[in-house]
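Below: one structure, written as structure tokens.
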Amino acid sequence: MESLLTNFTSPIVLAFLLGIISKLVKSDLEIPESIYKAISIYLLLAIGLKGGVELSTTAFSEFIWPVVATVFLGILTPIIAYVVLRYVGKLDITNSAGIAAHYGSVSAVTFIAAISYAETIGDPPEGFMPALVALLEVPGIIVALMIPQLFKSDSTSLKGAFHEVVTGSSIILLLGGLLIGYLAGPVSFEPVEPFFVNGFQGALVIFLLELGMITARRLEDLKKVGFFLVGFGIAVPILHGVIAIIIGLWSGLSVSGASVFAAMVSSGSYIAAPAAVRIALPKASPTLYLTASLGITFPFNIALGIPLYYLLATWIGG
Amino acid sequence: MESLLTNFTSPIVLAFLLGIISKLVKSDLEIPESIYKAISIYLLLAIGLKGGVELSTTAFSEFIWPVVATVFLGILTPIIAYVVLRYVGKLDITNSAGIAAHYGSVSAVTFIAAISYAETIGDPPEGFMPALVALLEVPGIIVALMIPQLFKSDSTSLKGAFHEVVTGSSIILLLGGLLIGYLAGPVSFEPVEPFFVNGFQGALVIFLLELGMITARRLEDLKKVGFFLVGFGIAVPILHGVIAIIIGLWSGLSVSGASVFAAMVSSGSYIAAPAAVRIALPKASPTLYLTASLGITFPFNIALGIPLYYLLATWIGG
Amino acid sequence: MESLLTNFTSPIVLAFLLGIISKLVKSDLEIPESIYKAISIYLLLAIGLKGGVELSTTAFSEFIWPVVATVFLGILTPIIAYVVLRYVGKLDITNSAGIAAHYGSVSAVTFIAAISYAETIGDPPEGFMPALVALLEVPGIIVALMIPQLFKSDSTSLKGAFHEVVTGSSIILLLGGLLIGYLAGPVSFEPVEPFFVNGFQGALVIFLLELGMITARRLEDLKKVGFFLVGFGIAVPILHGVIAIIIGLWSGLSVSGASVFAAMVSSGSYIAAPAAVRIALPKASPTLYLTASLGITFPFNIALGIPLYYLLATWIGG
Amino acid sequence: MELTELYLVTIVSERILKDDIIQMIKDKGASGYTITDVKGEGSRGTRVSDFEGRNIKFEVVVGKDVGNKIIDSVSETYFENYAVITYASPVNVVRGDKYL
Amino acid sequence: MELTELYLVTIVSERILKDDIIQMIKDKGASGYTITDVKGEGSRGTRVSDFEGRNIKFEVVVGKDVGNKIIDSVSETYFENYAVITYASPVNVVRGDKYL
Amino acid sequence: MELTELYLVTIVSERILKDDIIQMIKDKGASGYTITDVKGEGSRGTRVSDFEGRNIKFEVVVGKDVGNKIIDSVSETYFENYAVITYASPVNVVRGDKYL
Ligand SMILES: Nc1ncnc2c1ncn2[C@@H]1O[C@H](COP(=O)(O)O)[C@@H](O)[C@H]1O
Ligand SMILES: Nc1ncnc2c1ncn2[C@@H]1O[C@H](COP(=O)(O)O)[C@@H](O)[C@H]1O
Ligand SMILES: Nc1ncnc2c1ncn2[C@@H]1O[C@H](COP(=O)(O)O)[C@@H](O)[C@H]1O
Ligand code: NA
Ligand code: NA
Ligand code: NA
């Protein structure tokens with residue numbers, strides 16, 4: 001419980017709430033789009049760099065199993081999500097696959113929030129976690145987009161979508177950052193460290209202020225999407241989170257590492273996946289998949305999921 | 001005098017001059033609008049947060065009287081300004097009220113500049129000052145906008161204007177920052193501190209560079225507005241400043257606090273007020289109120305007012 | 001060699017490569033224009049400020065000869081470049097002059113990269129170098145633009161071009177920063193230092209990421225411009241660099257100072273010069289001069305030139 | 001493919017009117033609108049916005065009636081006190097029925 | 001000076017189609033295009049982009065044939081599944097032959 | 001409400017000409033102008049600006065004479081050496097007399 005409170009006094013979570021409120025009161029506050037883009041470039045590059053510097057001093061044996069676990073969950077979670085949507089939720093194939101693609105991928109910001117939560121409570125996770133995020137982003141989307149093809153129900157242009165994800169800015173920045181950090185190593189990284197490390201948490205505050213405003217717009221769509229999807233957006237992340245904790249601990253991650261891993265796996269992508277799905281499955285409704293991942297799962301994870309996964313990880317693995 | 005020199009070697013003031021010069025020489029230098037907006041969001045949120053963290057460790061009794069003083073001056077100053085404009089300056093009711101609304105409100109940047117001046121000369125004011133800024137922003141505008149209604153001379157849409165001010169981005173960011181800082185407290189604030197504290201003064205340099213350029217455009221309008229308004233833009237702030245020092249000291253503020261308080265009270269709003277007045281009093285001339293608050297009072301306060309108020313406060317209260 | 005490796009593990013150089021790669025794989029990554037502009041404003045202002053603070057504590061006698069050397073090379077290098085282009089490359093007068101203008105001027109980013117390379121290997125140059133950059137930017141352009149007039153081959157509008165360069169944002173920010181830093185001095189500069197010093201290297205990483213993307217677009221034009229220009233873009237900078245090292249050392253610069261000086265002198269402008277040339281010599285082909293300075297010389301200097309000049313300077317002057 | 005002849009109504013106004021005008025456009029019955037950030041100069045000179053001359057441009061594809069309603073409302077409500085220009089021209093629209 | 005009568009084809013679409021549409025415009029034989037970042041609302045409601053309602057506007061000056069090709073291709077390829085509006089109007093172009 | 005038939009002259013040029021063209025537009029007698037940041041591609045390929053293909057679009061509502069003066073001046077002064085496109089079309093303007 002106390003760890004939950006810690007989360008609610010976190011400027012990051014509070015800024016997210018402020019963003020939602022400012023939209024509800026119809027404030028004219030808005031973060032310029034270019035600033036929002038710049039901050040996300042900064043955040044992704046920063047975690048990439050830090051992860052890369054860490055990797056340059058980590059033994060291969062330490063992270064090979066977490067890597068395997070990540071790929072495995074990248075394939076498993078979209079299938080779980082699809083089954084629930086299609087057979088419990090009775091959604092059509094296209095929409096089920098479209099939404100599943102989001103839950104197979106990852107929300108970098110949820111990951112970052114989980115990291116800084118772990119750091120705030122003084123229990124930082126393994127340094128190579130960012131490498132797992134980069135790894136988790138792609139497969140889930142591909143798997144989900146392939147499902148409709150099995151049913152020939154929809155002519156999907158997988159190729160276009162694939163290029164879209166693999167060359168998407170988040171992958172380029174994460175992988176690029178990892179590589180740069182890895183090649184540079186701690187010494188060459190030092191001069192740029194103040195910029196990418198000291199400013200990080202603060203930039204996150206502004207970023208979540210904006211995300212709060214975006215989420216607020218989504219909340220209006222909640223009624224449109226119906227109860228099932230709301231339940232789905234909370235229950236499935238918890239399910240994925242628990243699976244991730246168990247497999248994560250098994251793969252050798254620390255308790256803190258497993259809880260951050262759970263936040264990653266449970267999160268729904270809202271940048272890479274929507275773009276890919278829009279191209280590959282144009283008939284899938286953006287209102288459904290954006291509301292689920294951005295309007296339901298994201299706020300749930302930021303406010304409750306992250307501390308919850310930490311509690312569960314301590315409980316299971318502690 | 002020496003404290004005046006301190007102000008003229010301050011990078012903030014010098015950057016403001018550089019901005020003016022770059023326009024005079026018709027340089028193509030320009031700060032992108034989105035950057036200007038981002039910096040003002042950053043500055044407002046930062047002072048809000050710092051103020052909130054301070055409040056969380058301040059006794060209610062300490063700032064109740066300054067709060068009372070602020071509200072009182074928020075009501076008094078627009079009336080003084082109106083009377084001077086209407087009966088000394090012989091301006092019509094609409095323009096008098098429109099300009100008065102600006103002097104009843106506050107310029108956050110003037111406040112920030114006053115704070116950093118006080119800090120530079122090693123005499124920082126009370127930590128809760130930002131709370132007073134948020135409090136001072138609204139009432140003066142409302143009071144001034146109500147005047148024309150008494151005279152039924154103009155159909156004002158107060159409601160729209162009121163919403164405009166109260167949900168304006170500056171209020172949201174200041175109050176929001178205060179609340180977040182208050183709830184977070186010193187401990188949770190620590191991780192975001194480097195971003196919001198270390199970068200502050202530097203960001204202010206770039207912000208004033210831009211404000212210098214905006215002011216330069218205003219200077220061209222000086223001839224249009226005539227001698228009276230120029231005199232008004234200097235004399236009335238001094239008058240308001242002196243009143244603020246006396247009442248501020250009486251309310252228990254330190255000498256440094258009273259001088260920053262004077263800078264606040266004497267300043268003219270150029271973000272919240274213009275928007276509100278444009279909506280409520282469309283017939284009031286923007287050239288008049290913008291030139292007065294942004295073209296005359298703002299540069300006067302930045303260059304001379306702030307050190308002057310400090311001298312007077314030391315002299316009266318020291 | 002080892003110093004060359006240092007350069008290739010530098011996050012700055014690696015970010016530049018990442019930018020090129022991201023374009024080659026057709027990633028949708030892009031740095032918003034306003035961010036690119038903001039960072040260049042920040043970088044120019046920062047080096048100006050730091051230079052000015054240094055100047056305020058430097059004896060006139062120390063930098064008078066470097067100043068003379070700079071002006072001399074600002075006149076010599078465009079003439080060398082013109083002669084090579086016109087008589088070896090057989091380009092027409094207009095294009096020869098247009099390209100020469102770029103090599104007479106300076107690329108601020110190359111200068112900044114050279115500084116941070118010198119600092120990284122623990123041998124920082126004289127603090128007043130930024131003053132020399134400001135000085136080197138203008139004359140070379142003017143000299144080159146005057147050449148066609150001698151041949152009356154082209155009606156150039158020198159006046160417009162001159163105003164364009166002298167009031168260009170880079171000059172305003174460099175000179176303005178120098179002046180502010182000089183007037184403020186170390187004490188008043190202190191509060192803004194964290195913003196302008198700590199963040200510097202990191203901001204440079206993002207800036208070079210963008211420059212990498214811009215350069216990538218240029219690379220496509222390489223085939224268009226032909227072998228001669230490619231050779232020119234590498235050989236002439238080396239020539240200019242060697243001359244600069246000799247004259248720089250003679251003028252009293254340290255080995256590190258001379259190597260940074262060489263990077264400056266050898267670099268080709270791609271902001272001030274293109275704008276001036278476009279106005280004064282509209283018939284000169286932008287494809288030629290932009291590809292030469294931005295597509296060939298800039299990457300050469302960043303990757304190989306800078307460490308090379310340092311080696312040569314140590315070898316000649318050490 | 002057959003095109004429908006409709007009208008493109010363009011409004012350029014100072015930015016502070018943005019929300020009002022969007023509301024008005026919807027009320028008059030337009031099926032949608034496109035807005036662009038622009039700058040400009042005109043006869044009114046100084047207007048209110050973070051910066052001088054920042055304006056917003058509305059482009060609305062509408063039928064004749066809705067178009068006239070919008071034009072009238074602009075000229076009655078805003079023309080006197082605010083910086084605004086409005087003009088209309090016929091355009092041939094793909095699946096134009098969608099915007100009637 | 002003499003002007004050539006050509007057509008200005010305007011397309012407003014959700015941003016994700018940007019590269020596809022540019023490619024299509026070139027394939028159909030346009031000599032160039034101008035794009036603007038815009039926002040908007042229409043009948044489709046939610047669409048995908050970093051933000052709601054961020055769209056892109058294409059303006060293409062073309063001869064009648066190319067214009068029709070572009071219009072047809074838009075309405076066949078995108079109209080059903082994506083947020084898009086397209087309209088055309090005649091314009092008098094300086095040195096218009098350049099764009100044929 | 002009655003509308004006046006005037007002309008909308010549109011100029012898209014590389015950004016470096018911005019100040020020149022604004023000056024020219026005023027000299028020729030336009031009462032105002034609206035400018036938009038745009039991007040584009042055309043036949044000239046590479047042009048100078050912080051970035052490739054950054055252009056600026058001018059929209060000017062004018063009477064026939066002023067319109068022709070502007071068009072002529074563009075085609076004489078800039079067309080040969082700079083990246084620019086210019087076209088005009090009639091528009092019905094609210095309180096059009098204001099722009100004559
Ligand atoms: N003749 C014109 N052509 C194009 N745009 C104009 C014209 N006159 C005014 N505008 C636009 O309308 C806005 C308001 O004009 P005004 O109401 O005359 O101050 C200006 O800022 C321009 O953006
Ligand atoms: N009636 C209209 N007038 C102007 N622009 C429109 C109109 N309807 C739609 N649009 C634009 O086209 C985009 C897609 O519209 P829709 O396909 O109806 O969702 C909107 O976001 C607007 O930018
Ligand atoms: N056919 C066209 N349709 C629309 N815009 C064009 C067209 N051709 C050129 N442009 C615009 O005019 C600019 C200059 O074109 P150009 O002079 O042909 O290089 C381009 O960057 C585009 O923004
Ligand atoms: Na996931
Ligand atoms: Na005031
Ligand atoms: Na040079």
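Here's how to read the names in the structure tokens: chain A, B, ... by the order shown, residue numbers from 1 in each chain, ligand numbers from 1 in the order shown.
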Env of segment 83-99 of chain E: 8 Å cut, atoms = only C-alpha atoms, seq-sep filter 6 positions within chain, self excluded. Answer as an MDAnalysis selection string.
(chainID D and resid 90:94) or (chainID E and resid 1:14 30:32 42 44 47 61:63 71 74) or (chainID F and resid 71 75 85:89)
Using only C-alpha atoms, please write the residues we just selected to a file, as a short mmCIF file (atom, residue, chain, number, x, y, z; two decimals), in the first residue's frame.
```cif
data_model
loop_
_atom_site.label_atom_id
_atom_site.label_comp_id
_atom_site.auth_asym_id
_atom_site.auth_seq_id
_atom_site.Cartn_x
_atom_site.Cartn_y
_atom_site.Cartn_z
CA PRO D 90 -16.93 26.98 -56.13
CA VAL D 91 -15.10 23.64 -56.03
CA ASN D 92 -15.78 20.22 -57.53
CA VAL D 93 -15.77 17.70 -54.73
CA VAL D 94 -15.28 13.93 -54.81
CA MET E 1 1.36 38.23 -69.11
CA GLU E 2 -0.60 35.26 -70.48
CA LEU E 3 -1.83 32.62 -68.02
CA THR E 4 -2.67 28.96 -68.68
CA GLU E 5 -5.89 27.50 -67.30
CA LEU E 6 -5.07 24.40 -65.26
CA TYR E 7 -6.61 22.68 -62.23
CA LEU E 8 -5.74 22.91 -58.57
CA VAL E 9 -6.47 19.55 -56.95
CA THR E 10 -6.62 19.67 -53.15
CA ILE E 11 -6.43 16.55 -50.98
CA VAL E 12 -6.72 16.58 -47.19
CA SER E 13 -5.96 13.24 -45.58
CA GLU E 14 -4.81 11.75 -42.33
CA ALA E 30 2.12 15.73 -61.61
CA SER E 31 5.19 17.95 -62.02
CA GLY E 32 5.20 18.81 -58.33
CA GLY E 42 -14.89 15.40 -40.32
CA ARG E 44 -14.82 9.73 -39.63
CA ARG E 47 -7.94 8.60 -36.89
CA VAL E 61 -1.48 22.09 -60.01
CA VAL E 62 -2.15 19.83 -62.97
CA GLY E 63 -3.74 19.50 -66.40
CA ILE E 71 -8.95 12.20 -58.18
CA VAL E 74 -7.79 8.89 -54.31
CA ILE F 71 1.79 38.15 -61.22
CA SER F 75 7.30 36.07 -63.29
CA ILE F 85 4.84 28.79 -58.69
CA THR F 86 2.06 31.33 -59.07
CA TYR F 87 -1.61 31.02 -59.89
CA ALA F 88 -4.80 33.03 -59.55
CA SER F 89 -8.51 32.30 -59.30
#
```
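Using only C-alpha atoms and all ligand atoms as the basis for the distance check, residues found within 8 Å of ligand 4 are Gly74, Thr77, Pro78, His102, Tyr103, Gly104, Ser105, Val106, Ser107, Leu136, Gly140, Pro237, His240, Met264, Val265, Ser266, Ser267, Gly268 and Ser269 of chain A.
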Residues at most 8 Å from Gly257 of chain B, counting only C-alpha atoms, excluding those fewer than 2 positions away in the same chain, as a PyMOL selection string?
chain B and resi 124-126+129+248+253-255+259-261
Mind dumping a table of every chain D residue within 12 Å of chain A, with the nearest atom pair and its distance in Å to one decimal, using only C-alpha atoms, sorted by chain and rising number, as CSV?
```
residue,atom,partner,partner_atom,distance
D:Arg15,CA,A:Asp28,CA,11.9
D:Ile16,CA,A:Asp28,CA,10.4
D:Lys18,CA,A:Asp28,CA,10.9
D:Asp19,CA,A:Asp28,CA,9.8
```
Pick out the residues sitting within 9 Å of segment 196-205 of chain A, and hand them over as a PyMOL selection string; count only C-alpha atoms, and ignore anything fewer than 6 positions along from it in its own chain.
(chain A and resi 11-16+39-40+42-43+45-47+49-50+109+112-113+116) or (chain B and resi 191-196+199) or (chain C and resi 199+202)
Mind running chain B against chain A at 9 Å and telling me each contacting residue's nearest atom pair with the distance in Å (one decimal), counting only C-alpha atoms, chain and number ascending, as CSV?
```
residue,atom,partner,partner_atom,distance
B:Glu33,CA,A:Pro32,CA,8.8
B:Ser34,CA,A:Pro32,CA,5.5
B:Ile35,CA,A:Ile35,CA,7.4
B:Lys37,CA,A:Pro32,CA,7.3
B:Ala38,CA,A:Ile31,CA,6.8
B:Ile41,CA,A:Ile31,CA,8.1
B:Tyr42,CA,A:Ile206,CA,8.1
B:His163,CA,A:Ser27,CA,8.6
B:Glu164,CA,A:Ser27,CA,7.9
B:Val166,CA,A:Ser27,CA,8.4
B:Thr167,CA,A:Ser27,CA,4.6
B:Gly168,CA,A:Ser27,CA,5.8
B:Ser169,CA,A:Leu29,CA,4.4
B:Ser170,CA,A:Leu29,CA,8.0
B:Ile172,CA,A:Ser22,CA,6.8
B:Leu173,CA,A:Leu29,CA,8.3
B:Gly176,CA,A:Leu18,CA,6.4
B:Gly177,CA,A:Ala15,CA,8.4
B:Leu179,CA,A:Leu14,CA,8.8
B:Ile180,CA,A:Leu14,CA,6.0
B:Gly181,CA,A:Pro11,CA,7.4
B:Leu183,CA,A:Thr9,CA,5.9
B:Ala184,CA,A:Thr9,CA,4.6
B:Gly185,CA,A:Thr9,CA,8.0
B:Ser188,CA,A:Ser10,CA,5.8
B:Phe189,CA,A:Pro11,CA,6.8
B:Pro191,CA,A:Gln201,CA,6.2
B:Val192,CA,A:Gly202,CA,4.4
B:Glu193,CA,A:Gly202,CA,7.2
B:Pro194,CA,A:Asn198,CA,6.0
B:Phe195,CA,A:Gly199,CA,4.7
B:Phe196,CA,A:Gly202,CA,6.6
B:Gly199,CA,A:Gly199,CA,8.9
```
Proximity to chain D - best of E:Asp72, E:Val66, E:Phe58, E:Ile21, only C-alpha atoms:
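Closest candidate: E:Asp72.
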Just the number, please: distance in Å from atom CA of Asn55 of chain D to atom 12 (O, counted along the ligand's line) of ligand 1, one decimal.
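Result for atom CA of Asn55 of chain D versus atom 12 (O, counted along the ligand's line) of ligand 1: 7.7 Å, one decimal.
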Contacts of segment 274-283 of chain A at 10 Å or less, counting only C-alpha atoms, minus same-chain residues fewer than 5 places along, as a ChimeraX atom specification?
/A:94-95,97-99,101-102,141-142,144-146,148,154-166,168,269,289-290,293 /E:16-17,47-50,78,80-82
Can you pull out every residue within 9 Å of Gly305 of chain C, counting only C-alpha atoms, but drop anything in the same chain fewer than 5 positions away, and send it as a list in words?
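Final neighbour list, sorted by chain and number: Ile234, Pro237, Ile238, Gly241, Ala263, Ser266, Thr297, Pro299, Phe300 and Tyr310 of chain C.
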Would you mind listing what lies within 10 Å of Leu76 of chain A as a VMD selection string, with only C-alpha atoms counted and same-chain residues fewer than 4 positions away left out?
chain A and resid 70 to 72 80 to 81 104 139 to 140 143 240
Store the residues picked out above in a file with C-alpha atoms, as an mmCIF file, in the first residue's frame.
```
data_model
loop_
_atom_site.group_PDB
_atom_site.id
_atom_site.type_symbol
_atom_site.label_atom_id
_atom_site.label_comp_id
_atom_site.auth_asym_id
_atom_site.auth_seq_id
_atom_site.Cartn_x
_atom_site.Cartn_y
_atom_site.Cartn_z
ATOM 1 C CA THR A 70 10.989 -11.370 -24.118
ATOM 2 C CA VAL A 71 10.705 -12.941 -27.564
ATOM 3 C CA PHE A 72 8.525 -15.714 -26.168
ATOM 4 C CA ILE A 80 -3.817 -14.430 -25.652
ATOM 5 C CA ALA A 81 -5.214 -10.962 -26.395
ATOM 6 C CA GLY A 104 1.667 -7.697 -28.204
ATOM 7 C CA PRO A 139 7.217 -9.372 -32.911
ATOM 8 C CA GLY A 140 3.857 -8.907 -31.203
ATOM 9 C CA VAL A 143 2.161 -12.021 -35.056
ATOM 10 C CA HIS A 240 0.070 -10.523 -18.964
#
```
Using only C-alpha atoms, pick whichever of D:Thr34, D:Val60, D:Asn68, D:Asp20 has the shortest atom-to-atom distance to chain F.
D:Asn68
Secondary structure check, strand (DSSP E or B) residues of chain D, as number ranges by chain:
D: 3-14, 33-41, 54-62, 84-94
Would you please extract all alpha helix (DSSP H) residues from segment 21-97 of chain D, as assigned by DSSP on the backbone, and give them as a VMD selection string?
chain D and resid 21 to 27 64 to 77
Now that the selection is made, can you save its residues with all heavy atoms as a compact mmCIF listing (two decimals), in the first residue's frame?
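File written: result05.txt
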```
# COMPACT_ATOMS: atom_id res chain seq x y z
N ILE D 21 -15.26 30.21 -33.70
CA ILE D 21 -15.58 30.01 -35.11
C ILE D 21 -15.82 28.54 -35.40
O ILE D 21 -16.75 28.18 -36.13
CB ILE D 21 -14.46 30.60 -36.02
CG1 ILE D 21 -14.45 32.13 -35.88
CG2 ILE D 21 -14.67 30.19 -37.46
CD1 ILE D 21 -13.46 32.84 -36.77
N ILE D 22 -15.01 27.65 -34.80
CA ILE D 22 -15.26 26.21 -34.99
C ILE D 22 -16.69 25.89 -34.57
O ILE D 22 -17.45 25.25 -35.30
CB ILE D 22 -14.26 25.37 -34.17
CG1 ILE D 22 -12.87 25.45 -34.79
CG2 ILE D 22 -14.73 23.92 -34.08
CD1 ILE D 22 -11.81 24.67 -34.04
N GLN D 23 -17.08 26.40 -33.39
CA GLN D 23 -18.43 26.15 -32.89
C GLN D 23 -19.46 26.65 -33.89
O GLN D 23 -20.39 25.94 -34.27
CB GLN D 23 -18.61 26.84 -31.52
CG GLN D 23 -19.78 26.32 -30.74
CD GLN D 23 -19.76 24.79 -30.68
OE1 GLN D 23 -18.79 24.20 -30.23
NE2 GLN D 23 -20.83 24.16 -31.18
N MET D 24 -19.25 27.88 -34.35
CA MET D 24 -20.19 28.49 -35.29
C MET D 24 -20.31 27.66 -36.56
O MET D 24 -21.41 27.35 -37.02
CB MET D 24 -19.72 29.92 -35.61
CG MET D 24 -20.60 30.69 -36.57
SD MET D 24 -20.20 30.37 -38.30
CE MET D 24 -18.66 31.31 -38.43
N ILE D 25 -19.15 27.24 -37.10
CA ILE D 25 -19.16 26.45 -38.34
C ILE D 25 -20.00 25.19 -38.16
O ILE D 25 -20.83 24.85 -39.00
CB ILE D 25 -17.71 26.07 -38.74
CG1 ILE D 25 -16.97 27.29 -39.28
CG2 ILE D 25 -17.72 24.95 -39.76
CD1 ILE D 25 -15.49 27.05 -39.50
N LYS D 26 -19.83 24.52 -37.04
CA LYS D 26 -20.61 23.29 -36.79
C LYS D 26 -22.10 23.63 -36.67
O LYS D 26 -22.94 22.97 -37.26
CB LYS D 26 -20.11 22.60 -35.53
CG LYS D 26 -18.73 21.98 -35.66
CD LYS D 26 -18.30 21.37 -34.33
CE LYS D 26 -16.98 20.63 -34.43
NZ LYS D 26 -16.50 20.20 -33.09
N ASP D 27 -22.38 24.69 -35.90
CA ASP D 27 -23.78 25.06 -35.69
C ASP D 27 -24.48 25.32 -37.02
O ASP D 27 -25.64 24.94 -37.21
CB ASP D 27 -23.88 26.31 -34.81
CG ASP D 27 -23.35 26.06 -33.40
OD1 ASP D 27 -23.16 24.86 -33.06
OD2 ASP D 27 -23.08 27.03 -32.67
N LYS D 64 -24.44 25.53 -50.83
CA LYS D 64 -24.68 26.98 -50.96
C LYS D 64 -25.29 27.56 -49.68
O LYS D 64 -24.81 28.54 -49.13
CB LYS D 64 -25.58 27.27 -52.16
CG LYS D 64 -25.48 28.71 -52.66
CD LYS D 64 -26.22 28.89 -53.99
CE LYS D 64 -26.03 30.28 -54.58
NZ LYS D 64 -24.59 30.58 -54.87
N ASP D 65 -26.35 26.90 -49.17
CA ASP D 65 -27.07 27.47 -48.02
C ASP D 65 -26.16 27.59 -46.80
O ASP D 65 -25.97 28.67 -46.24
CB ASP D 65 -28.28 26.60 -47.64
CG ASP D 65 -29.15 26.33 -48.85
OD1 ASP D 65 -28.82 26.88 -49.93
OD2 ASP D 65 -30.12 25.58 -48.71
N VAL D 66 -25.58 26.46 -46.41
CA VAL D 66 -24.69 26.47 -45.24
C VAL D 66 -23.60 27.53 -45.44
O VAL D 66 -23.30 28.31 -44.54
CB VAL D 66 -24.06 25.09 -45.01
CG1 VAL D 66 -23.06 25.13 -43.87
CG2 VAL D 66 -25.15 24.06 -44.75
N GLY D 67 -23.06 27.55 -46.67
CA GLY D 67 -22.02 28.53 -46.97
C GLY D 67 -22.48 29.94 -46.68
O GLY D 67 -21.80 30.70 -45.98
N ASN D 68 -23.67 30.29 -47.18
CA ASN D 68 -24.17 31.65 -46.95
C ASN D 68 -24.38 31.91 -45.47
O ASN D 68 -24.06 32.99 -44.97
CB ASN D 68 -25.48 31.86 -47.72
CG ASN D 68 -25.21 32.04 -49.20
OD1 ASN D 68 -24.17 32.60 -49.58
ND2 ASN D 68 -26.11 31.53 -50.04
N LYS D 69 -24.90 30.89 -44.76
CA LYS D 69 -25.12 31.08 -43.31
C LYS D 69 -23.79 31.43 -42.63
O LYS D 69 -23.69 32.37 -41.84
CB LYS D 69 -25.69 29.80 -42.70
CG LYS D 69 -27.15 29.53 -43.02
CD LYS D 69 -27.81 28.73 -41.91
CE LYS D 69 -29.13 28.09 -42.35
NZ LYS D 69 -28.95 26.69 -42.81
N ILE D 70 -22.75 30.67 -42.98
CA ILE D 70 -21.44 30.90 -42.35
C ILE D 70 -20.93 32.30 -42.68
O ILE D 70 -20.54 33.07 -41.80
CB ILE D 70 -20.42 29.83 -42.81
CG1 ILE D 70 -20.80 28.46 -42.24
CG2 ILE D 70 -19.00 30.21 -42.41
CD1 ILE D 70 -19.96 27.32 -42.74
N ILE D 71 -21.01 32.65 -43.95
CA ILE D 71 -20.53 33.97 -44.38
C ILE D 71 -21.27 35.08 -43.63
O ILE D 71 -20.65 35.99 -43.06
CB ILE D 71 -20.70 34.14 -45.90
CG1 ILE D 71 -19.65 33.30 -46.62
CG2 ILE D 71 -20.61 35.59 -46.30
CD1 ILE D 71 -19.82 33.25 -48.12
N ASP D 72 -22.59 34.96 -43.58
CA ASP D 72 -23.36 35.99 -42.88
C ASP D 72 -22.94 36.09 -41.43
O ASP D 72 -22.66 37.17 -40.91
CB ASP D 72 -24.87 35.67 -42.96
CG ASP D 72 -25.38 35.79 -44.38
OD1 ASP D 72 -24.65 36.36 -45.22
OD2 ASP D 72 -26.48 35.29 -44.66
N SER D 73 -22.85 34.93 -40.78
CA SER D 73 -22.53 34.94 -39.36
C SER D 73 -21.17 35.58 -39.12
O SER D 73 -20.99 36.37 -38.19
CB SER D 73 -22.59 33.51 -38.82
OG SER D 73 -21.58 33.28 -37.91
N VAL D 74 -20.20 35.26 -39.97
CA VAL D 74 -18.87 35.89 -39.79
C VAL D 74 -19.00 37.40 -39.91
O VAL D 74 -18.55 38.14 -39.05
CB VAL D 74 -17.87 35.38 -40.85
CG1 VAL D 74 -16.60 36.22 -40.81
CG2 VAL D 74 -17.54 33.92 -40.61
N SER D 75 -19.66 37.83 -40.97
CA SER D 75 -19.64 39.29 -41.19
C SER D 75 -20.46 40.02 -40.15
O SER D 75 -20.15 41.15 -39.81
CB SER D 75 -20.13 39.62 -42.61
OG SER D 75 -21.33 38.93 -42.86
N GLU D 76 -21.48 39.36 -39.60
CA GLU D 76 -22.25 40.04 -38.54
C GLU D 76 -21.50 40.02 -37.22
O GLU D 76 -21.36 41.03 -36.55
CB GLU D 76 -23.61 39.34 -38.36
CG GLU D 76 -24.63 39.71 -39.44
CD GLU D 76 -25.63 38.57 -39.65
OE1 GLU D 76 -25.76 37.73 -38.75
OE2 GLU D 76 -26.22 38.51 -40.75
N THR D 77 -20.98 38.83 -36.85
CA THR D 77 -20.43 38.67 -35.51
C THR D 77 -19.04 39.26 -35.36
O THR D 77 -18.72 39.91 -34.37
CB THR D 77 -20.34 37.17 -35.15
OG1 THR D 77 -21.45 36.51 -35.74
CG2 THR D 77 -20.33 36.98 -33.65
```
